[in-house]
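Peer 1: To be precise about what I am sending: the file is called model.cif and holds mmCIF, C-alpha atoms, pLDDT in the B column; chains and numbers go by the auth columns.
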data_run
loop_
_atom_site.group_PDB
_atom_site.id
_atom_site.type_symbol
_atom_site.label_atom_id
_atom_site.label_comp_id
_atom_site.label_asym_id
_atom_site.label_seq_id
_atom_site.Cartn_x
_atom_site.Cartn_y
_atom_site.Cartn_z
_atom_site.B_iso_or_equiv
_atom_site.auth_seq_id
_atom_site.auth_asym_id
ATOM 1 C CA MET A 1 -71.192 4.274 69.298 72.00 1 A
ATOM 2 C CA CYS A 2 -71.857 1.404 71.700 79.00 2 A
ATOM 3 C CA SER A 3 -70.746 1.956 75.286 82.00 3 A
ATOM 4 C CA SER A 4 -70.986 0.042 78.518 84.00 4 A
ATOM 5 C CA ASP A 5 -70.019 0.250 82.147 85.00 5 A
ATOM 6 C CA LEU A 6 -69.903 -2.088 85.111 83.00 6 A
ATOM 7 C CA THR A 7 -71.912 -1.154 88.170 79.00 7 A
ATOM 8 C CA PRO A 8 -70.428 -1.609 91.666 77.00 8 A
ATOM 9 C CA SER A 9 -72.350 -4.901 91.874 79.00 9 A
ATOM 10 C CA GLY A 10 -70.770 -6.157 88.630 83.00 10 A
ATOM 11 C CA GLN A 11 -73.863 -5.651 86.447 83.00 11 A
ATOM 12 C CA ARG A 12 -73.070 -4.513 82.896 87.00 12 A
ATOM 13 C CA ILE A 13 -75.092 -1.508 81.698 87.00 13 A
ATOM 14 C CA GLU A 14 -75.052 -0.879 77.930 89.00 14 A
ATOM 15 C CA TRP A 15 -76.212 1.933 75.658 86.00 15 A
ATOM 16 C CA LEU A 16 -75.827 3.340 72.159 86.00 16 A
ATOM 17 C CA ALA A 17 -74.936 7.005 71.674 83.00 17 A
ATOM 18 C CA ALA A 18 -75.105 9.085 68.515 81.00 18 A
ATOM 19 C CA VAL A 19 -74.068 12.664 67.796 78.00 19 A
ATOM 20 C CA PRO A 20 -75.200 14.208 64.504 73.00 20 A
ATOM 21 C CA LEU A 21 -72.214 15.354 62.422 71.00 21 A
ATOM 22 C CA GLY A 22 -71.750 17.475 59.317 70.00 22 A
ATOM 23 C CA GLU A 23 -73.098 20.776 58.077 67.00 23 A
ATOM 24 C CA GLY A 24 -76.332 21.727 59.794 65.00 24 A
ATOM 25 C CA ALA A 25 -75.893 19.107 62.517 70.00 25 A
ATOM 26 C CA LEU A 26 -77.849 19.768 65.668 72.00 26 A
ATOM 27 C CA PRO A 27 -76.056 20.133 69.026 73.00 27 A
ATOM 28 C CA LEU A 28 -77.741 17.035 70.425 74.00 28 A
ATOM 29 C CA LEU A 29 -76.663 13.710 71.887 78.00 29 A
ATOM 30 C CA PHE A 30 -79.003 10.771 71.386 80.00 30 A
ATOM 31 C CA VAL A 31 -78.864 7.833 73.802 84.00 31 A
ATOM 32 C CA GLN A 32 -80.623 4.490 73.394 86.00 32 A
ATOM 33 C CA HIS A 33 -80.439 2.339 76.504 87.00 33 A
ATOM 34 C CA LEU A 34 -79.870 -1.340 75.764 90.00 34 A
ATOM 35 C CA THR A 35 -80.225 -2.376 79.405 89.00 35 A
ATOM 36 C CA ASP A 36 -83.791 -2.567 80.702 87.00 36 A
ATOM 37 C CA LEU A 37 -85.155 0.227 82.890 84.00 37 A
ATOM 38 C CA ASP A 38 -85.559 -1.888 86.029 84.00 38 A
ATOM 39 C CA THR A 39 -81.889 -2.917 85.928 84.00 39 A
ATOM 40 C CA ARG A 40 -80.783 0.684 85.421 80.00 40 A
ATOM 41 C CA ARG A 41 -83.027 1.997 88.210 78.00 41 A
ATOM 42 C CA ALA A 42 -81.747 -0.625 90.612 79.00 42 A
ATOM 43 C CA GLN A 43 -78.327 1.067 90.411 74.00 43 A
ATOM 44 C CA ALA A 44 -79.738 4.353 91.749 67.00 44 A
ATOM 45 C CA PRO A 45 -82.964 3.461 93.541 59.00 45 A
ATOM 46 C CA ARG A 46 -83.745 7.020 94.596 65.00 46 A
ATOM 47 C CA ARG A 47 -83.269 10.334 92.908 64.00 47 A
ATOM 48 C CA ALA A 48 -79.902 11.624 94.083 63.00 48 A
ATOM 49 C CA PRO A 49 -79.167 15.318 93.652 64.00 49 A
ATOM 50 C CA HIS A 50 -75.795 16.681 92.668 73.00 50 A
ATOM 51 C CA ARG A 51 -73.736 18.303 95.436 74.00 51 A
ATOM 52 C CA ASN A 52 -74.896 21.681 94.147 76.00 52 A
ATOM 53 C CA GLY A 53 -78.529 20.724 94.799 78.00 53 A
ATOM 54 C CA VAL A 54 -79.544 20.293 91.155 80.00 54 A
ATOM 55 C CA LEU A 55 -82.068 17.524 90.558 79.00 55 A
ATOM 56 C CA ASP A 56 -82.869 17.760 86.812 82.00 56 A
ATOM 57 C CA ILE A 57 -82.414 19.841 83.720 86.00 57 A
ATOM 58 C CA GLU A 58 -85.703 21.604 83.077 90.00 58 A
ATOM 59 C CA ARG A 59 -84.821 23.413 79.860 92.00 59 A
ATOM 60 C CA ILE A 60 -81.883 23.862 77.484 91.00 60 A
ATOM 61 C CA TYR A 61 -81.722 26.888 75.166 94.00 61 A
ATOM 62 C CA VAL A 62 -79.941 26.625 71.813 93.00 62 A
ATOM 63 C CA ALA A 63 -79.061 29.821 69.911 95.00 63 A
ATOM 64 C CA GLY A 64 -79.100 30.062 66.133 93.00 64 A
ATOM 65 C CA THR A 65 -79.382 32.607 63.354 94.00 65 A
ATOM 66 C CA ASN A 66 -82.593 31.432 61.662 94.00 66 A
ATOM 67 C CA LEU A 67 -85.468 30.103 63.772 95.00 67 A
ATOM 68 C CA ALA A 68 -87.416 28.766 60.770 93.00 68 A
ATOM 69 C CA GLN A 69 -84.426 26.649 59.678 91.00 69 A
ATOM 70 C CA MET A 70 -83.865 25.489 63.256 91.00 70 A
ATOM 71 C CA VAL A 71 -87.528 24.455 63.557 92.00 71 A
ATOM 72 C CA ASP A 72 -87.333 22.505 60.276 89.00 72 A
ATOM 73 C CA ALA A 73 -84.173 20.716 61.391 86.00 73 A
ATOM 74 C CA TYR A 74 -85.277 19.987 64.960 86.00 74 A
ATOM 75 C CA SER A 75 -88.763 18.878 63.904 86.00 75 A
ATOM 76 C CA GLY A 76 -87.230 16.512 61.363 81.00 76 A
ATOM 77 C CA VAL A 77 -85.045 14.912 64.026 79.00 77 A
ATOM 78 C CA LEU A 78 -87.347 15.082 67.052 79.00 78 A
ATOM 79 C CA GLY A 79 -90.571 14.260 65.205 78.00 79 A
ATOM 80 C CA GLY A 80 -94.025 15.618 65.739 76.00 80 A
ATOM 81 C CA PRO A 81 -95.500 18.857 64.489 85.00 81 A
ATOM 82 C CA PRO A 82 -93.384 21.998 64.641 90.00 82 A
ATOM 83 C CA PRO A 83 -94.029 24.045 67.789 93.00 83 A
ATOM 84 C CA THR A 84 -95.665 27.444 67.566 92.00 84 A
ATOM 85 C CA PRO A 85 -93.023 30.200 67.773 92.00 85 A
ATOM 86 C CA GLN A 86 -93.090 32.199 71.005 94.00 86 A
ATOM 87 C CA ASP A 87 -91.650 35.486 72.209 96.00 87 A
ATOM 88 C CA GLY A 88 -88.859 34.832 74.684 94.00 88 A
ATOM 89 C CA ILE A 89 -88.971 38.152 76.513 95.00 89 A
ATOM 90 C CA ILE A 90 -86.328 37.183 79.093 94.00 90 A
ATOM 91 C CA ILE A 91 -83.807 35.790 76.607 95.00 91 A
ATOM 92 C CA LYS A 92 -84.754 38.446 73.993 97.00 92 A
ATOM 93 C CA ALA A 93 -85.388 35.902 71.248 97.00 93 A
ATOM 94 C CA ASN A 94 -88.009 34.362 69.041 97.00 94 A
ATOM 95 C CA MET A 95 -88.125 30.768 70.205 96.00 95 A
ATOM 96 C CA ALA A 96 -89.656 27.363 69.555 95.00 96 A
ATOM 97 C CA ARG A 97 -90.009 24.972 72.480 94.00 97 A
ATOM 98 C CA TYR A 98 -89.870 21.191 72.137 91.00 98 A
ATOM 99 C CA ALA A 99 -91.384 19.583 75.248 88.00 99 A
ATOM 100 C CA PHE A 100 -90.341 16.152 76.455 81.00 100 A
ATOM 101 C CA ALA A 101 -91.347 14.206 79.568 76.00 101 A
ATOM 102 C CA GLN A 102 -89.559 16.449 82.086 81.00 102 A
ATOM 103 C CA SER A 103 -87.289 18.643 79.991 86.00 103 A
ATOM 104 C CA ASP A 104 -87.535 21.059 77.081 89.00 104 A
ATOM 105 C CA VAL A 105 -85.206 21.971 74.242 90.00 105 A
ATOM 106 C CA VAL A 106 -85.724 25.561 73.069 94.00 106 A
ATOM 107 C CA ALA A 107 -84.458 26.833 69.703 94.00 107 A
ATOM 108 C CA ALA A 108 -83.855 30.587 69.904 96.00 108 A
ATOM 109 C CA GLU A 109 -83.073 33.381 67.428 97.00 109 A
ATOM 110 C CA ALA A 110 -82.129 36.720 69.005 97.00 110 A
ATOM 111 C CA TYR A 111 -84.239 39.750 68.142 97.00 111 A
ATOM 112 C CA GLY A 112 -82.272 42.284 70.172 95.00 112 A
ATOM 113 C CA PRO A 113 -79.656 42.773 72.876 97.00 113 A
ATOM 114 C CA GLY A 114 -79.878 40.136 75.578 96.00 114 A
ATOM 115 C CA PRO A 115 -78.708 36.643 76.568 96.00 115 A
ATOM 116 C CA THR A 116 -79.281 34.999 73.177 96.00 116 A
ATOM 117 C CA GLN A 117 -77.476 37.719 71.214 97.00 117 A
ATOM 118 C CA ASP A 118 -74.640 37.752 73.781 97.00 118 A
ATOM 119 C CA ALA A 119 -74.232 33.989 73.375 95.00 119 A
ATOM 120 C CA MET A 120 -74.195 34.218 69.578 95.00 120 A
ATOM 121 C CA GLU A 121 -71.572 36.971 69.659 96.00 121 A
ATOM 122 C CA SER A 122 -69.318 35.238 72.185 96.00 122 A
ATOM 123 C CA ARG A 123 -69.665 31.555 71.215 93.00 123 A
ATOM 124 C CA GLY A 124 -71.715 31.287 68.046 92.00 124 A
ATOM 125 C CA ALA A 125 -74.637 28.964 67.472 91.00 125 A
ATOM 126 C CA GLY A 126 -75.300 26.209 69.973 90.00 126 A
ATOM 127 C CA PRO A 127 -76.457 25.594 73.547 91.00 127 A
ATOM 128 C CA PHE A 128 -76.101 28.688 75.724 93.00 128 A
ATOM 129 C CA GLN A 129 -78.304 28.379 78.779 93.00 129 A
ATOM 130 C CA ALA A 130 -79.797 25.654 80.947 90.00 130 A
ATOM 131 C CA ILE A 131 -82.438 25.891 83.631 89.00 131 A
ATOM 132 C CA HIS A 132 -82.171 23.318 86.389 86.00 132 A
ATOM 133 C CA ARG A 133 -84.578 22.102 89.051 84.00 133 A
ATOM 134 C CA SER A 134 -83.125 22.280 92.531 83.00 134 A
ATOM 135 C CA GLU A 135 -84.256 21.037 95.905 80.00 135 A
ATOM 136 C CA ASP A 136 -82.906 24.237 97.528 82.00 136 A
ATOM 137 C CA VAL A 137 -82.187 27.253 95.326 83.00 137 A
ATOM 138 C CA THR A 138 -80.342 29.071 98.118 86.00 138 A
ATOM 139 C CA ALA A 139 -78.018 26.102 98.653 83.00 139 A
ATOM 140 C CA SER A 140 -77.443 25.802 94.897 82.00 140 A
ATOM 141 C CA ALA A 141 -76.568 29.512 94.629 84.00 141 A
ATOM 142 C CA ARG A 142 -74.194 29.197 97.599 87.00 142 A
ATOM 143 C CA TRP A 143 -72.457 26.163 96.046 83.00 143 A
ATOM 144 C CA LEU A 144 -72.035 27.979 92.721 82.00 144 A
ATOM 145 C CA GLN A 145 -70.601 31.051 94.474 89.00 145 A
ATOM 146 C CA GLU A 146 -68.214 28.941 96.585 89.00 146 A
ATOM 147 C CA HIS A 147 -66.950 27.281 93.404 85.00 147 A
ATOM 148 C CA GLY A 148 -66.499 30.525 91.448 84.00 148 A
ATOM 149 C CA ARG A 149 -69.423 29.861 89.093 76.00 149 A
ATOM 150 C CA SER A 150 -71.627 32.870 89.801 63.00 150 A
#
Starting from the file, lay out its structure as structure tokens.
Peer 2:
Amino acid sequence: MCSSDLTPSGQRIEWLAAVPLGEGALPLLFVQHLTDLDTRRAQAPRRAPHRNGVLDIERIYVAGTNLAQMVDAYSGVLGGPPPTPQDGIIIKANMARYAFAQSDVVAAEAYGPGPTQDAMESRGAGPFQAIHRSEDVTASARWLQEHGRS
């Protein structure tokens, strides 16, 4: 899908977006920028945090029922060698982490009671947790509490 937007200065910014569909589709959104990086950066010359203090997404966790199948699918789409499975002791899951420039996508299969299993039982397979970078964790927590999100 081709999309575009006009900046406040009247500059047109364009991109292509694709979402995999069908059985076994991954919960990912792919974006290909058609406008050069310098033009895009000129629209936001400095890194601007959200009002809740969040700067970036550090990691996104995606729950599934079969880590080996998830690794095959993600590796086929994301390229590169499959990551070595790891023990996610906090999320109580076997996991495989795909590292990108500043963010990671983590495929996770629950091995016991915990966040991953809770997500699978309440929502099914798909993204269930994100870790964000913040300039002030206390301010971010306060914002979330004030907005009924904690």
Peer 1: Given the file shown, enumerate the residues that the PyMOL selection byres ((chain A and resi 89-103) around 9) captures and present them as a PyMOL selection string.
Peer 2: chain A and resi 56-61+63+67+70-71+74-75+78+82-88+104-117
Peer 1: May I ask for the distance between atom CA of Ala125 of chain A and atom CA of Gly76 of chain A, given in Å to one decimal place?
Peer 2: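 Atom CA of Ala125 of chain A sits 18.7 Å away from atom CA of Gly76 of chain A.
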Peer 1: Could you check how far atom CA of Gly126 of chain A sits from atom CA of Leu26 of chain A, in Å to one decimal?
Peer 2: 8.2 Å
Peer 1: Atom CA of Leu16 of chain A and atom CA of Leu37 of chain A are how many Å apart?
Peer 2: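 Atom CA of Leu37 of chain A lies 14.6 Å from atom CA of Leu16 of chain A.
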Peer 1: I need the output of the PyMOL selection byres ((chain A and resi 132-145) around 6) for this file as a short mmCIF file (atom, residue, chain, number, x, y, z; two decimals) with C-alpha atoms, in the frame of the given file; which residues are they?
Peer 2:
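Result saved to part.cif:
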data_model
loop_
_atom_site.label_atom_id
_atom_site.label_comp_id
_atom_site.auth_asym_id
_atom_site.auth_seq_id
_atom_site.Cartn_x
_atom_site.Cartn_y
_atom_site.Cartn_z
CA ASN A 52 -74.90 21.68 94.15
CA GLY A 53 -78.53 20.72 94.80
CA VAL A 54 -79.54 20.29 91.16
CA LEU A 55 -82.07 17.52 90.56
CA ASP A 56 -82.87 17.76 86.81
CA ILE A 57 -82.41 19.84 83.72
CA GLU A 58 -85.70 21.60 83.08
CA ILE A 131 -82.44 25.89 83.63
CA GLU A 146 -68.21 28.94 96.58
CA HIS A 147 -66.95 27.28 93.40
CA GLY A 148 -66.50 30.52 91.45
CA ARG A 149 -69.42 29.86 89.09
CA SER A 150 -71.63 32.87 89.80
#
Peer 1: Rank A:Gly64, A:Ile13, A:Gly22, A:Asp72 by their smallest atom-to-atom distance to Asp118 of chain A, using all atoms listed in the file, and report the top residue only.
Peer 2: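 Among the listed residues, the smallest separation from Asp118 of chain A belongs to A:Gly64.
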Peer 1: List the residues selected by the PyMOL selection byres ((chain A and resi 15) around 7) in the file shown, writing them as a list in words.
Peer 2: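 Going through the file, the PyMOL selection byres ((chain A and resi 15) around 7) ends up selecting Cys2, Ser3, Ser4, Glu14, Leu16, Ala17, Val31, Gln32, His33, Leu34 and Thr35 of chain A.
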Peer 1: Please determine, counting only C-alpha atoms, which residue among A:Met120, A:Ala18, A:Gly79, A:Gln43 has the shortest atom-to-atom distance to Thr65 of chain A.
Peer 2: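 Closest to Thr65 of chain A, using only C-alpha atoms: A:Met120.
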Peer 1: Between A:Ala42, A:Ala73, A:Ala68, A:Pro27, which one has atoms that come closest to Phe128 of chain A, using only C-alpha atoms?
Peer 2: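 Comparing A:Ala42, A:Ala73, A:Ala68, A:Pro27 against Phe128 of chain A, the winner is A:Pro27.
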Peer 1: Would you mind writing segment 67-86 of chain A with N, CA and C atoms, as a PDB file, keeping the file's coordinate frame?
Peer 2:
ATOM      1  N   LEU A  67     -84.546  30.965  63.034  1.00 95.00           N
ATOM      2  CA  LEU A  67     -85.468  30.103  63.772  1.00 95.00           C
ATOM      3  C   LEU A  67     -86.227  29.157  62.854  1.00 95.00           C
ATOM      4  N   ALA A  68     -86.660  29.628  61.691  1.00 93.00           N
ATOM      5  CA  ALA A  68     -87.416  28.766  60.770  1.00 93.00           C
ATOM      6  C   ALA A  68     -86.578  27.552  60.353  1.00 93.00           C
ATOM      7  N   GLN A  69     -85.302  27.771  60.039  1.00 91.00           N
ATOM      8  CA  GLN A  69     -84.426  26.649  59.678  1.00 91.00           C
ATOM      9  C   GLN A  69     -84.196  25.725  60.872  1.00 91.00           C
ATOM     10  N   MET A  70     -84.045  26.309  62.063  1.00 91.00           N
ATOM     11  CA  MET A  70     -83.865  25.489  63.256  1.00 91.00           C
ATOM     12  C   MET A  70     -85.102  24.621  63.501  1.00 91.00           C
ATOM     13  N   VAL A  71     -86.290  25.204  63.354  1.00 92.00           N
ATOM     14  CA  VAL A  71     -87.528  24.455  63.557  1.00 92.00           C
ATOM     15  C   VAL A  71     -87.627  23.316  62.553  1.00 92.00           C
ATOM     16  N   ASP A  72     -87.303  23.574  61.284  1.00 89.00           N
ATOM     17  CA  ASP A  72     -87.333  22.505  60.276  1.00 89.00           C
ATOM     18  C   ASP A  72     -86.391  21.372  60.658  1.00 89.00           C
ATOM     19  N   ALA A  73     -85.173  21.731  61.048  1.00 86.00           N
ATOM     20  CA  ALA A  73     -84.173  20.716  61.391  1.00 86.00           C
ATOM     21  C   ALA A  73     -84.561  19.945  62.651  1.00 86.00           C
ATOM     22  N   TYR A  74     -84.930  20.650  63.704  1.00 86.00           N
ATOM     23  CA  TYR A  74     -85.277  19.987  64.960  1.00 86.00           C
ATOM     24  C   TYR A  74     -86.531  19.138  64.807  1.00 86.00           C
ATOM     25  N   SER A  75     -87.530  19.647  64.096  1.00 86.00           N
ATOM     26  CA  SER A  75     -88.763  18.878  63.904  1.00 86.00           C
ATOM     27  C   SER A  75     -88.488  17.608  63.118  1.00 86.00           C
ATOM     28  N   GLY A  76     -87.577  17.696  62.139  1.00 81.00           N
ATOM     29  CA  GLY A  76     -87.230  16.512  61.363  1.00 81.00           C
ATOM     30  C   GLY A  76     -86.556  15.450  62.206  1.00 81.00           C
ATOM     31  N   VAL A  77     -85.759  15.862  63.171  1.00 79.00           N
ATOM     32  CA  VAL A  77     -85.045  14.912  64.026  1.00 79.00           C
ATOM     33  C   VAL A  77     -85.905  14.464  65.204  1.00 79.00           C
ATOM     34  N   LEU A  78     -86.609  15.390  65.834  1.00 79.00           N
ATOM     35  CA  LEU A  78     -87.347  15.082  67.052  1.00 79.00           C
ATOM     36  C   LEU A  78     -88.753  14.561  66.783  1.00 79.00           C
ATOM     37  N   GLY A  79     -89.244  14.746  65.564  1.00 78.00           N
ATOM     38  CA  GLY A  79     -90.571  14.260  65.205  1.00 78.00           C
ATOM     39  C   GLY A  79     -91.682  15.152  65.729  1.00 78.00           C
ATOM     40  N   GLY A  80     -92.871  14.850  65.309  1.00 76.00           N
ATOM     41  CA  GLY A  80     -94.025  15.618  65.739  1.00 76.00           C
ATOM     42  C   GLY A  80     -94.172  16.908  64.964  1.00 76.00           C
ATOM     43  N   PRO A  81     -95.272  17.595  65.194  1.00 85.00           N
ATOM     44  CA  PRO A  81     -95.500  18.857  64.489  1.00 85.00           C
ATOM     45  C   PRO A  81     -94.572  19.943  65.017  1.00 85.00           C
ATOM     46  N   PRO A  82     -94.234  20.893  64.181  1.00 90.00           N
ATOM     47  CA  PRO A  82     -93.384  21.998  64.641  1.00 90.00           C
ATOM     48  C   PRO A  82     -94.108  22.800  65.723  1.00 90.00           C
ATOM     49  N   PRO A  83     -93.377  23.241  66.753  1.00 93.00           N
ATOM     50  CA  PRO A  83     -94.029  24.045  67.789  1.00 93.00           C
ATOM     51  C   PRO A  83     -94.353  25.448  67.270  1.00 93.00           C
ATOM     52  N   THR A  84     -95.305  26.070  67.897  1.00 92.00           N
ATOM     53  CA  THR A  84     -95.665  27.444  67.566  1.00 92.00           C
ATOM     54  C   THR A  84     -94.590  28.378  68.110  1.00 92.00           C
ATOM     55  N   PRO A  85     -94.035  29.255  67.276  1.00 92.00           N
ATOM     56  CA  PRO A  85     -93.023  30.200  67.773  1.00 92.00           C
ATOM     57  C   PRO A  85     -93.589  31.068  68.898  1.00 92.00           C
ATOM     58  N   GLN A  86     -92.716  31.390  69.851  1.00 94.00           N
ATOM     59  CA  GLN A  86     -93.090  32.199  71.005  1.00 94.00           C
ATOM     60  C   GLN A  86     -92.108  33.347  71.155  1.00 94.00           C
TER      61      GLN A  86
END
